[in-house]
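To keep things clear, I will list the structure first and then write my remarks on it.
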Amino acid sequence: MSVTLLAARQARAVPALQAKGGIVVAGGTLAVADLNHGQGPGTLIIVDGLGLGRIEIKGRKVILGAMVTMAQIAHDRRLKFLHPVSQSIGGPAVRAMATIGGNLFAPAPYGDMAVALLALDAEVALHDGKALRKLPLENFLKQRGKYEKSLVVSVSFAMPEANSFRYVKAVRRKPVSASLVTIAAVLPRKAGKVKDARIAFGAMGPCALRARKSERALEGKALDASAIKEAADLAADGTAPADDAYATGWYRRQIAPIHLQRLLGA
Amino acid sequence: MIEYRKDYFSDARTDGLTEVGVTRQRSDVLGHVTGKTQYYADRHFAGLLHLKMVRSPHHHARIKSIDVSRALKVPGVVRVLTAKDVPQNIYTILCLIQVEPNDEPVLAFDKVRFKGEQIVAVLAESEQAALAGVAKVKVVYEELPAVFDVEEALKPGAPLVNEYHGRNWFTYEGHHCRRVRFGNVDEGFAAADHVIEEMYQSSPIEHAPTETTGCIVVPDQNERYTCYSNTQALYFTLDNSALILNSPFHKLRLVGGTVGGGFGGKVDVITEPIAFLAAMLTRRPVKYEYSRAEEMQVSSPRAAERIYIKDGVAKDGRILARQVRLYVDAGAYSRHSPYGTTKAAAHMPGPYTIPNVWVDCHCVYTNRTPSSAMRGFGVTIGDFALEVQMDKLARLIGMDPMEFRILNAYRDGDMKAHQKEVDGAALVECVQAASDLANWPIAGRYRAMSSQKREG
Amino acid sequence: MTKVPVQFTLNGREQNEFVDSGSTLLAALRDKLGLYGTKAGCHQGTCGACTVIIDGSPQLSCLTLAERCAGKSVTTLEGLTGNGALHPLQQAFMEGFAAQCGFCTPGMILAAKSLLDRNPSPSRDDVIDAISGNICRCTGYDPIINAILTAAEQLRGARKSA
Ligand SMILES: Cc1cc2nc3c(=O)[nH]c(=O)nc-3n(C[C@H](O)[C@H](O)[C@H](O)COP(=O)(O)OP(=O)(O)OC[C@H]3O[C@@H](n4cnc5c(N)ncnc54)[C@H](O)[C@@H]3O)c2cc1C
Ligand code: FES
Ligand code: FES
């Protein structure tokens, strides 16, 4: 039952360690809890020395290193639009530890930052041991089991237009708790009409997912009551959220359209 | 803000109170804020073994076989305990106050009756090793149909939960429930202007103390053992452990102390007898502490209840008859629920004087986590039901809910349904004072009423 | 179990320890160093009783690997009374009935301290956010929030008169 910590010196070395059963401990808020409950592997891979804790903003492009914490985001004035998201995750201690990379792997109802990043159409950079690859976050999330043996290096996205990003997380206990349903939306507009809206849901399936039917219902329309109603009515379509200690799947399907309606109408 | 209204009952008692109304600091608070307060786990013992439990994944199942051989091969695992190791393999929580039969094995052997029931204890050098050992114990089950609803459980043909009772209810002096009979409810209903029946129910409520349930048992000199526990019931624990272990009482020593939150959740004496046994058999200090998940799942919650209340009320506001059928979901085992059910019966029909009362309170076994004590158990849920019912009745006859309560409130000298004379009642005055604070006007007639005598 | 050396600052003093590889800071503090002021209520990050301050920010010692504290500065409740006098937070918790069973108190006080260290004039909402990861099952949050606000006021007063 002995556990070894390995501090990785290069990103490319990590996947080989993962292939041997090691796991990356980033913030550790999920990984160490598993370890405490006897579900840990023998090797813990520490990637503190790889410089993955930086936030870079070049023009409109934002690059968040995988080890960037929720607290770092909350303290970065340039990322003000993401503050409601980082602020909705855990208490201050969790936020000081929880990382972006870990959030991409967090099982529902966790993964609120991933919801926001999905609405932002983010791209994930990961190292599979041979090369650094980039892929859309949506593809990554859909098959994230497959990428467990890769090192997530960073996540990047284009800064959304002013006031086009919206976020809501419904919870039972204020100020913070695990999600009943999380919604992030980017609603760009051209001449008053919605163009290429992106809406993402959290806690409505095993990982964050796009609400494509609702997005289509808004396309080319003004954000008026009837368009919003139409989009909201389609919100829970095709979703199968889980029952957990916070809510039943049934309840989540009932409230998702209401929260989407309010978010779009805000 | 606390306000002391010493004008009430000033003729009936002297104002000699020296502590009530005075702010005093807690005697232990300096320890709390400096981290010096010692909780049971704030101790170090060389050679401490950790105990982790193999628990039932099923709500109701027959145990076909238990194989511990692979667990014993896990590095760090020192030994395991099964039912065979327990001298008297039955919990005896209330037998010393004559609440019997004992109905819960310490370690399950033939059957499991709720999800999370303990079957095999694994002792190891570290928590990780103990958990690894738990994962290697192989128990073969044959699943049985389970029942989760109190009324379903009472129907003929329901799965039998607890063979120690032979039926899915606790028997009170030969009766299938705890009963109260006073006057004649049929006559009361016949004389009433309105009769309504409503149903109320609640879910189990977990205490969720911040410190989970646990204890450490340490072998002392002369075959004696000391148990450091966060139990709320030190002497219960001593008695029960001695009975289960077939041990003279003087061999066991219990050290209590500051409890990190209990609320009634730490009176069930579940961990200590097993930890004592483990320390005796290994001659090493043993710690048995619930994980957070165990605390939430297997420590007993407040019982779920279902309550039917049927009332007959006269137009002038007097309640003429109240019939109550109350079901306490004890879960798979008694623990403190038979006692809580008796409290529920004694609490009906609430703090009101009603001439005709009929109460049946059932303590029912289901395949849910055994329920037990929690702050005012047996009465709190009943109070919720009764007071919602009072509001409904007031609305039904178009009366102010405060005045309706004052009118029906019991007064000194009234006879309660369970044949105890009321003494020291203060409900009339409490409702009057609450109305004042809430700026809720009440009519002069009700303002003039008193708990000390019934108006003519 | 492999032992690894860790050097860190604990409550202002240099500390050199051998810890079990893969063990948590919580285990190191309690089981190795006998600092029982740090409590464990869940081992999964949900209760906040194990909160300590690492390099100025509140963190959960139950989820922190001891080895990763190398070179860092850790403050536990024991570190608040270093010079014998009570910290204003301790005083305010004591006087304001902000501790009933006391099990959440160490984590609460440290979560509050890391707030006041960064923000000497917090609003009520700031205080609520600061302790949002700490569960108290006994006292009720109002006395705790009030005690933290009282302590903040006292600290400001002390700073002004200094
Ligand atoms: C009390 C509490 C409250 C919480 N509340 C929320 C909440 O409100 N919303 C929410 O979204 N989450 C919440 N979480 C979950 C969690 O804290 C976050 O999702 C966090 O972002 C996970 O990141 P981490 O760095 O701690 O992950 P870790 O625990 O370090 O890792 C989690 C998993 O991801 C893998 N991983 C991490 N980083 C990488 C990487 N760079 N490359 C490859 N694999 C990697 C690990 O191997 C592991 O399998 C909460 C957790 C706790 C304990
Ligand atoms: S013990 Fe660390 S948060 Fe509960
Ligand atoms: S005082 Fe008991 S948990 Fe807070």
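Every chain in the structure tokens takes a letter, A first, then B, and so on in the order presented; its residues are numbered from 1, and the ligands are numbered from 1 following the presented order.
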
Inset, instruction - For range 57-65 of chain B, work out the shell of residues within 9 Å, counting only C-alpha atoms and skipping chain neighbours fewer than 4 positions away, then give it as a list in words. - result: Ala108, Phe109, Asp110, Lys111, Val112, Arg113, Phe114, Lys115, Gly116, Glu117, Lys138, Val139, Val140, Tyr141, Glu142, Glu143, Leu144, Pro145, Ala146, Val147, Val161, Asn367, Arg368 and Thr369 of chain B

Inset, instruction - Give as a VMD selection string every residue of chain A that touches chain C within 7 Å, counting only C-alpha atoms. - result: chain A and resid 2 to 5 28 to 29 32 to 33 36 90 to 94 96 to 97 175 to 176

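Distances to ligand 1 were evaluated for C:Ala151, C:Ile135, C:Asp31, C:Arg13 using only C-alpha atoms and all ligand atoms, and the minimum falls at C:Ile135.
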
Legend entry - Residues within 9 Å of ligand 3, counting only C-alpha atoms and all ligand atoms, as a ChimeraX atom specification: /B:32,209-211,259-262 /C:49,98-105,108,134-141,144

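Using only C-alpha atoms, the shortest contact distance between Cys50 in chain C and any of C:Ile109, C:Asn83, C:Gly96, C:Thr9 is found at C:Ile109.
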
Legend entry - Expected selection as a ChimeraX atom specification for ligand 1 within 8 Å, only C-alpha atoms and all ligand atoms: /A:23-33,47,66-67,69-70,88-91,94-95,97-107,109-114,126,147-154,176-179 /C:44-48,133

Writer output for current selection, C-alpha atoms, as a tab-separated table (two decimals), in the first residue's frame:
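Printed below is out07.tsv as written:
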```tsv
chain	number	residue	atom	x	y	z
A	23	ILE	CA	-2.35	9.74	-11.94
A	24	VAL	CA	-1.77	13.43	-12.10
A	25	VAL	CA	-2.58	15.23	-8.87
A	26	ALA	CA	-3.29	18.83	-9.80
A	27	GLY	CA	-5.20	20.69	-7.11
A	28	GLY	CA	-5.97	17.34	-5.57
A	29	THR	CA	-9.48	18.29	-4.53
A	30	LEU	CA	-10.86	15.17	-6.17
A	31	ALA	CA	-7.77	13.01	-6.56
A	32	VAL	CA	-6.62	13.18	-2.92
A	33	ALA	CA	-10.16	12.63	-1.66
A	47	VAL	CA	3.34	18.58	-12.40
A	66	ALA	CA	-3.91	23.53	-16.79
A	67	MET	CA	-2.65	24.30	-13.29
A	69	THR	CA	-6.55	27.74	-10.05
A	70	MET	CA	-10.05	29.11	-9.64
A	88	SER	CA	-19.41	29.53	-7.88
A	89	ILE	CA	-16.95	26.69	-7.32
A	90	GLY	CA	-16.43	25.44	-3.74
A	91	GLY	CA	-15.41	27.76	-0.93
A	94	VAL	CA	-11.33	24.73	-2.74
A	95	ARG	CA	-10.89	27.62	-5.15
A	97	MET	CA	-6.57	24.50	-4.89
A	98	ALA	CA	-8.95	23.50	-7.71
A	99	THR	CA	-7.42	23.76	-11.19
A	100	ILE	CA	-8.71	24.23	-14.71
A	101	GLY	CA	-7.23	20.90	-15.81
A	102	GLY	CA	-8.90	19.04	-12.96
A	103	ASN	CA	-12.21	20.70	-13.70
A	104	LEU	CA	-12.23	19.17	-17.19
A	105	PHE	CA	-12.15	15.73	-15.58
A	106	ALA	CA	-14.56	16.47	-12.72
A	107	PRO	CA	-17.61	14.19	-12.81
A	109	PRO	CA	-22.49	17.59	-10.90
A	110	TYR	CA	-18.99	19.16	-10.79
A	111	GLY	CA	-17.23	20.73	-13.75
A	112	ASP	CA	-18.75	24.23	-13.75
A	113	MET	CA	-15.69	25.86	-15.30
A	114	ALA	CA	-15.81	23.27	-18.08
A	126	LEU	CA	-2.75	18.03	-24.41
A	147	TYR	CA	-7.60	11.21	-22.57
A	148	GLU	CA	-6.93	10.17	-19.02
A	149	LYS	CA	-3.52	8.98	-20.12
A	150	SER	CA	-2.57	12.38	-21.49
A	151	LEU	CA	-1.45	15.53	-19.80
A	152	VAL	CA	-3.72	18.49	-20.27
A	153	VAL	CA	-1.39	21.42	-20.79
A	154	SER	CA	-3.72	24.34	-21.37
A	176	VAL	CA	-22.03	27.75	-2.86
A	177	SER	CA	-22.91	24.14	-3.40
A	178	ALA	CA	-22.78	21.51	-6.10
A	179	SER	CA	-24.81	22.20	-9.18
C	44	GLN	CA	-12.94	14.88	1.21
C	45	GLY	CA	-12.94	18.66	1.23
C	46	THR	CA	-16.55	19.19	2.15
C	47	CYS	CA	-16.50	20.28	5.81
C	48	GLY	CA	-13.64	22.76	6.08
C	133	GLY	CA	-16.55	26.15	2.60
```

Inset, instruction - Could you please tell me, as a PyMOL selection string, which residues of chain B have an atom within 12 Å of chain C when using only C-alpha atoms? - result: chain B and resi 23-46+48+75-76+125-129+206-214+230+257-263+289-296

Legend entry - DSSP-assigned strand (DSSP E) among range 1-154 of chain C, expressed as an NGL selection string: :C and (3-10 or 13-20 or 51-54 or 57-60 or 73-75)

Legend entry - Per-residue DSSP, range 22-161 of chain C, filtered to alpha helix (DSSP H), as a PyMOL selection string: chain C and resi 25-27+88-95+105-118+124-130+141-161

Inset, instruction - Using only C-alpha atoms, find which residues of chain A lie within 9 Å of chain B and jot them down as a PyMOL selection string. - result: chain A and resi 1+35-39

Residues of the last selection are to be written out with C-alpha atoms, as an mmCIF file, in the first residue's frame.
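File selection07.cif, as written:
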```cif
data_model
loop_
_atom_site.group_PDB
_atom_site.id
_atom_site.type_symbol
_atom_site.label_atom_id
_atom_site.label_comp_id
_atom_site.auth_asym_id
_atom_site.auth_seq_id
_atom_site.Cartn_x
_atom_site.Cartn_y
_atom_site.Cartn_z
ATOM 1 C CA MET A 1 0.000 0.000 0.000
ATOM 2 C CA LEU A 35 -6.788 8.513 -2.154
ATOM 3 C CA ASN A 36 -8.131 9.127 1.351
ATOM 4 C CA HIS A 37 -10.900 6.653 0.646
ATOM 5 C CA GLY A 38 -8.602 3.903 -0.462
ATOM 6 C CA GLN A 39 -9.118 4.358 -4.179
#
```

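Rounded to one decimal, CA of Leu281 in chain B and CA of Ser69 in chain B lie 18.1 Å from each other.
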